[in-house]
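Taking it in order: structure first as structure tokens, then the write-up.
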Amino acid sequence: MGAEPKQGPGAGQKPGSEAGVRMGPGGGTAGPGGGKAGPGGGRKTARGRPRSELARQAILAAAAELLLSRGVTAVSMDEVAELAGVSKATIYRWWPSKETLALEALYEEWADPEREPPDTGNLHADLLALLLPWIVRVGDRPYGRIVGALLTEARTDPTFGAVYRERFVEPRRAKARTIFQRALARGEIPLGADAEAAIDLLYGALYHRLLHGHAPLTQEFAETVVGIVVAGLKGIQEHLSRTDRVRL
């Protein structure tokens, strides 16, 4: 996808500094009053987050706004820097390319405050509790255009592809995997059931609609997909039970 070349610090600036910020002892930034620099070079304000974290959040918010409104290919790092109120060198300090910035922005947008997957004691209910909030979130804004661009980059750049799968794909699969493992422990699905294939069926159907846009990605569709997958797994269980009875 034509990622922008990695940029060095802006002209006339010292590496790791921004306009209007002077370098303190040891290379850390210091404000006009000579405030103490915090971790990462950001001066600690009297309250709130370190300066560097505030800049990072501003960059991610600006990137998300621009990427969602115009798409990855139409947005430049200069525009993100201008909207965020930082130098382009600051952006490249954290993200080496536009695609890595887009990935981080999307990760933040889709951040799930619940670290553990749902545990209602029922496979069908657990999967719905996992997927429906995500359906609501992705249906609120045009995320498909960002995911499509990132997927293209992941397939053409092996290094970015590894980061994409680690940061974006695997965390969601891990939660679904835990749900299936719990269902197996409860005896809801049979031993030997292919959880990885079931996860592919779930997310494959949802991303198919998100990326292609041929039909709306709705909660009703998600409920249908979950019902089909769960019924299929339980059908395997019933088939094995009938086979065991015949053998007896």
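So you can find residues: chains in the structure tokens are A, B, ... in the order shown, residues in each start at 1, and ligands are numbered from 1 in order.
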
Next on the checklist: I want to know what sits within 10 Å of stretch 116-120 of chain A, based on only C-alpha atoms, with residues of the same chain fewer than 5 positions away left out; could you give that as a PyMOL selection string?
Outcome noted: chain A and resi 125-130+172+174-179+182-183

Go ahead and save the residues from that selection, with N, CA and C atoms, as a PDB file, in the first residue's frame.
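As written to disk, again_3.pdb reads:
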```
ATOM      1  N   ALA A 125     -25.104 -17.930  24.951  1.00  0.00           N
ATOM      2  CA  ALA A 125     -25.170 -16.626  25.613  1.00  0.00           C
ATOM      3  C   ALA A 125     -23.792 -15.974  25.717  1.00  0.00           C
ATOM      4  N   ASP A 126     -22.761 -16.772  25.967  1.00  0.00           N
ATOM      5  CA  ASP A 126     -21.403 -16.225  26.062  1.00  0.00           C
ATOM      6  C   ASP A 126     -20.956 -15.615  24.740  1.00  0.00           C
ATOM      7  N   LEU A 127     -21.221 -16.308  23.640  1.00  0.00           N
ATOM      8  CA  LEU A 127     -20.812 -15.809  22.326  1.00  0.00           C
ATOM      9  C   LEU A 127     -21.555 -14.531  21.969  1.00  0.00           C
ATOM     10  N   LEU A 128     -22.832 -14.470  22.282  1.00  0.00           N
ATOM     11  CA  LEU A 128     -23.587 -13.245  22.019  1.00  0.00           C
ATOM     12  C   LEU A 128     -23.065 -12.089  22.868  1.00  0.00           C
ATOM     13  N   ALA A 129     -22.758 -12.364  24.122  1.00  0.00           N
ATOM     14  CA  ALA A 129     -22.234 -11.317  25.001  1.00  0.00           C
ATOM     15  C   ALA A 129     -20.880 -10.817  24.525  1.00  0.00           C
ATOM     16  N   LEU A 130     -20.116 -11.680  23.875  1.00  0.00           N
ATOM     17  CA  LEU A 130     -18.821 -11.287  23.333  1.00  0.00           C
ATOM     18  C   LEU A 130     -18.973 -10.458  22.056  1.00  0.00           C
ATOM     19  N   ARG A 172      -8.911 -11.158  19.965  1.00  0.00           N
ATOM     20  CA  ARG A 172     -10.320 -11.520  19.809  1.00  0.00           C
ATOM     21  C   ARG A 172     -10.499 -13.032  19.711  1.00  0.00           C
ATOM     22  N   ALA A 174      -8.546 -15.181  21.090  1.00  0.00           N
ATOM     23  CA  ALA A 174      -8.238 -15.746  22.407  1.00  0.00           C
ATOM     24  C   ALA A 174      -9.471 -15.729  23.309  1.00  0.00           C
ATOM     25  N   LYS A 175     -10.242 -14.658  23.265  1.00  0.00           N
ATOM     26  CA  LYS A 175     -11.449 -14.596  24.091  1.00  0.00           C
ATOM     27  C   LYS A 175     -12.473 -15.629  23.640  1.00  0.00           C
ATOM     28  N   ALA A 176     -12.659 -15.748  22.333  1.00  0.00           N
ATOM     29  CA  ALA A 176     -13.597 -16.748  21.826  1.00  0.00           C
ATOM     30  C   ALA A 176     -13.116 -18.159  22.165  1.00  0.00           C
ATOM     31  N   ARG A 177     -11.799 -18.364  22.094  1.00  0.00           N
ATOM     32  CA  ARG A 177     -11.229 -19.672  22.405  1.00  0.00           C
ATOM     33  C   ARG A 177     -11.518 -20.057  23.857  1.00  0.00           C
ATOM     34  N   THR A 178     -11.394 -19.102  24.764  1.00  0.00           N
ATOM     35  CA  THR A 178     -11.693 -19.358  26.171  1.00  0.00           C
ATOM     36  C   THR A 178     -13.151 -19.764  26.354  1.00  0.00           C
ATOM     37  N   ILE A 179     -14.038 -19.100  25.639  1.00  0.00           N
ATOM     38  CA  ILE A 179     -15.466 -19.429  25.735  1.00  0.00           C
ATOM     39  C   ILE A 179     -15.727 -20.861  25.279  1.00  0.00           C
ATOM     40  N   ARG A 182     -14.457 -23.367  27.904  1.00  0.00           N
ATOM     41  CA  ARG A 182     -15.380 -23.492  29.027  1.00  0.00           C
ATOM     42  C   ARG A 182     -16.578 -24.361  28.650  1.00  0.00           C
ATOM     43  N   ALA A 183     -17.077 -24.182  27.423  1.00  0.00           N
ATOM     44  CA  ALA A 183     -18.208 -24.991  26.969  1.00  0.00           C
ATOM     45  C   ALA A 183     -17.814 -26.467  26.902  1.00  0.00           C
TER      46      ALA A 183
END
```

Need the shell around A:Ala154: protein/DNA/RNA residues with any atom at most 9 Å away, counting only C-alpha atoms. Skip same-chain ones fewer than 6 positions apart. Format as a compact mmCIF listing (two decimals) with N, CA and C atoms, in the first residue's frame?
```
# COMPACT_ATOMS: atom_id res chain seq x y z
N PHE A 160 4.61 -6.21 9.10
CA PHE A 160 3.37 -5.59 9.56
C PHE A 160 2.30 -6.65 9.79
N GLY A 161 2.28 -7.67 8.94
CA GLY A 161 1.30 -8.75 9.09
C GLY A 161 1.41 -9.43 10.43
N ALA A 162 2.64 -9.64 10.90
CA ALA A 162 2.82 -10.27 12.21
C ALA A 162 2.29 -9.39 13.33
N VAL A 163 2.54 -8.09 13.24
CA VAL A 163 2.03 -7.15 14.24
C VAL A 163 0.51 -7.09 14.18
N TYR A 164 -0.03 -7.06 12.99
CA TYR A 164 -1.49 -7.02 12.79
C TYR A 164 -2.17 -8.22 13.45
N ARG A 165 -1.62 -9.39 13.24
CA ARG A 165 -2.24 -10.58 13.82
C ARG A 165 -2.08 -10.60 15.34
```

Near-A:Asp194 list (10 Å; only C-alpha atoms; drop same-chain fewer than 5 positions) as an mmCIF file with N, CA and C atoms, in the first residue's frame:
```cif
data_model
loop_
_atom_site.group_PDB
_atom_site.id
_atom_site.type_symbol
_atom_site.label_atom_id
_atom_site.label_comp_id
_atom_site.auth_asym_id
_atom_site.auth_seq_id
_atom_site.Cartn_x
_atom_site.Cartn_y
_atom_site.Cartn_z
ATOM 1 N N PHE A 180 -15.100 -21.272 24.198
ATOM 2 C CA PHE A 180 -15.280 -22.642 23.715
ATOM 3 C C PHE A 180 -14.661 -23.659 24.672
ATOM 4 N N ILE A 189 -20.169 -29.070 24.303
ATOM 5 C CA ILE A 189 -19.676 -29.479 22.991
ATOM 6 C C ILE A 189 -18.774 -30.687 23.179
ATOM 7 N N ILE A 199 -14.357 -20.565 15.460
ATOM 8 C CA ILE A 199 -14.021 -19.139 15.552
ATOM 9 C C ILE A 199 -13.943 -18.523 14.160
ATOM 10 N N LEU A 233 -22.188 -27.411 16.390
ATOM 11 C CA LEU A 233 -21.365 -28.097 17.378
ATOM 12 C C LEU A 233 -22.186 -29.071 18.216
#
```

Next on the checklist: So that I can check the surroundings of A:Gly204, please list as a ChimeraX atom specification every protein, DNA and RNA residue that reaches within 12 Å of it, counting only C-alpha atoms and ignoring chain neighbours fewer than 3 positions away.
Outcome noted: /A:169,173,196-201,207-212,222,225-226,229

Checklist outcome for this item: Using only C-alpha atoms, the residue out of A:Leu67, A:Ile91, A:Leu132, A:Val80 with shortest distance to A:Gly148 is A:Leu67

Next on the checklist: Which residues are close to A:Gln181, i.e. within 10 Å by only C-alpha atoms, leaving aside same-chain residues fewer than 6 positions away? Reply as a PyMOL selection string.
Outcome noted: chain A and resi 123+175+187-189+193+195

Can you list, as a JSON list (two decimals) with N, CA and C atoms, in the first residue's frame, every protein, DNA or RNA residue that comes within 8 Å of stretch 141-145 of chain A when you count only C-alpha atoms, leaving out same-chain residues fewer than 3 positions away?
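So the final result, stored in part-v5.json, reads:
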```json
[["chain", "number", "residue", "atom", "x", "y", "z"],
["A", 68, "LEU", "N", -11.21, 7.55, 9.56],
["A", 68, "LEU", "CA", -12.60, 7.16, 9.41],
["A", 68, "LEU", "C", -13.34, 8.02, 8.40],
["A", 69, "SER", "N", -12.95, 9.26, 8.29],
["A", 69, "SER", "CA", -13.64, 10.14, 7.35],
["A", 69, "SER", "C", -13.11, 10.04, 5.93],
["A", 71, "GLY", "N", -10.27, 7.48, 4.92],
["A", 71, "GLY", "CA", -9.59, 6.26, 4.56],
["A", 71, "GLY", "C", -8.08, 6.38, 4.70],
["A", 72, "VAL", "N", -7.41, 5.23, 4.79],
["A", 72, "VAL", "CA", -5.98, 5.21, 5.06],
["A", 72, "VAL", "C", -5.16, 5.85, 3.94],
["A", 137, "ARG", "N", -20.43, -1.38, 18.11],
["A", 137, "ARG", "CA", -19.31, -0.45, 17.96],
["A", 137, "ARG", "C", -18.92, -0.28, 16.49],
["A", 138, "VAL", "N", -18.78, -1.38, 15.76],
["A", 138, "VAL", "CA", -18.32, -1.27, 14.38],
["A", 138, "VAL", "C", -19.41, -0.71, 13.47],
["A", 148, "GLY", "N", -10.01, -2.92, 5.91],
["A", 148, "GLY", "CA", -9.65, -3.39, 4.57],
["A", 148, "GLY", "C", -8.25, -2.96, 4.17],
["A", 149, "ALA", "N", -7.90, -1.71, 4.46],
["A", 149, "ALA", "CA", -6.55, -1.22, 4.13],
["A", 149, "ALA", "C", -5.49, -1.92, 4.95],
["A", 210, "LEU", "N", -18.66, -6.83, 7.07],
["A", 210, "LEU", "CA", -17.99, -5.57, 7.39],
["A", 210, "LEU", "C", -17.15, -5.07, 6.22],
["A", 211, "LEU", "N", -16.42, -5.97, 5.58],
["A", 211, "LEU", "CA", -15.48, -5.59, 4.52],
["A", 211, "LEU", "C", -16.16, -5.39, 3.17]]
```

Next on the checklist: Give me, as a VMD selection string, the residues of stretch 60-189 of chain A that a backbone DSSP run labels helix (DSSP H, G or I).
Outcome noted: chain A and resid 60 to 70 77 to 84 88 to 94 98 to 109 123 to 140 144 to 156 158 to 186

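Straight-line separation from atom CA of A:His124 to atom CA of A:Val230: 6.4 Å.
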
Checklist outcome for this item: The distance between atom CA of A:Ser52 and atom CA of A:Ala84 is 12.6 Å

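If only C-alpha atoms are the atoms counted, then among A:Asp78, A:Glu65, A:Glu99, A:Asp140 the closest residue to A:Pro216 is A:Asp140.
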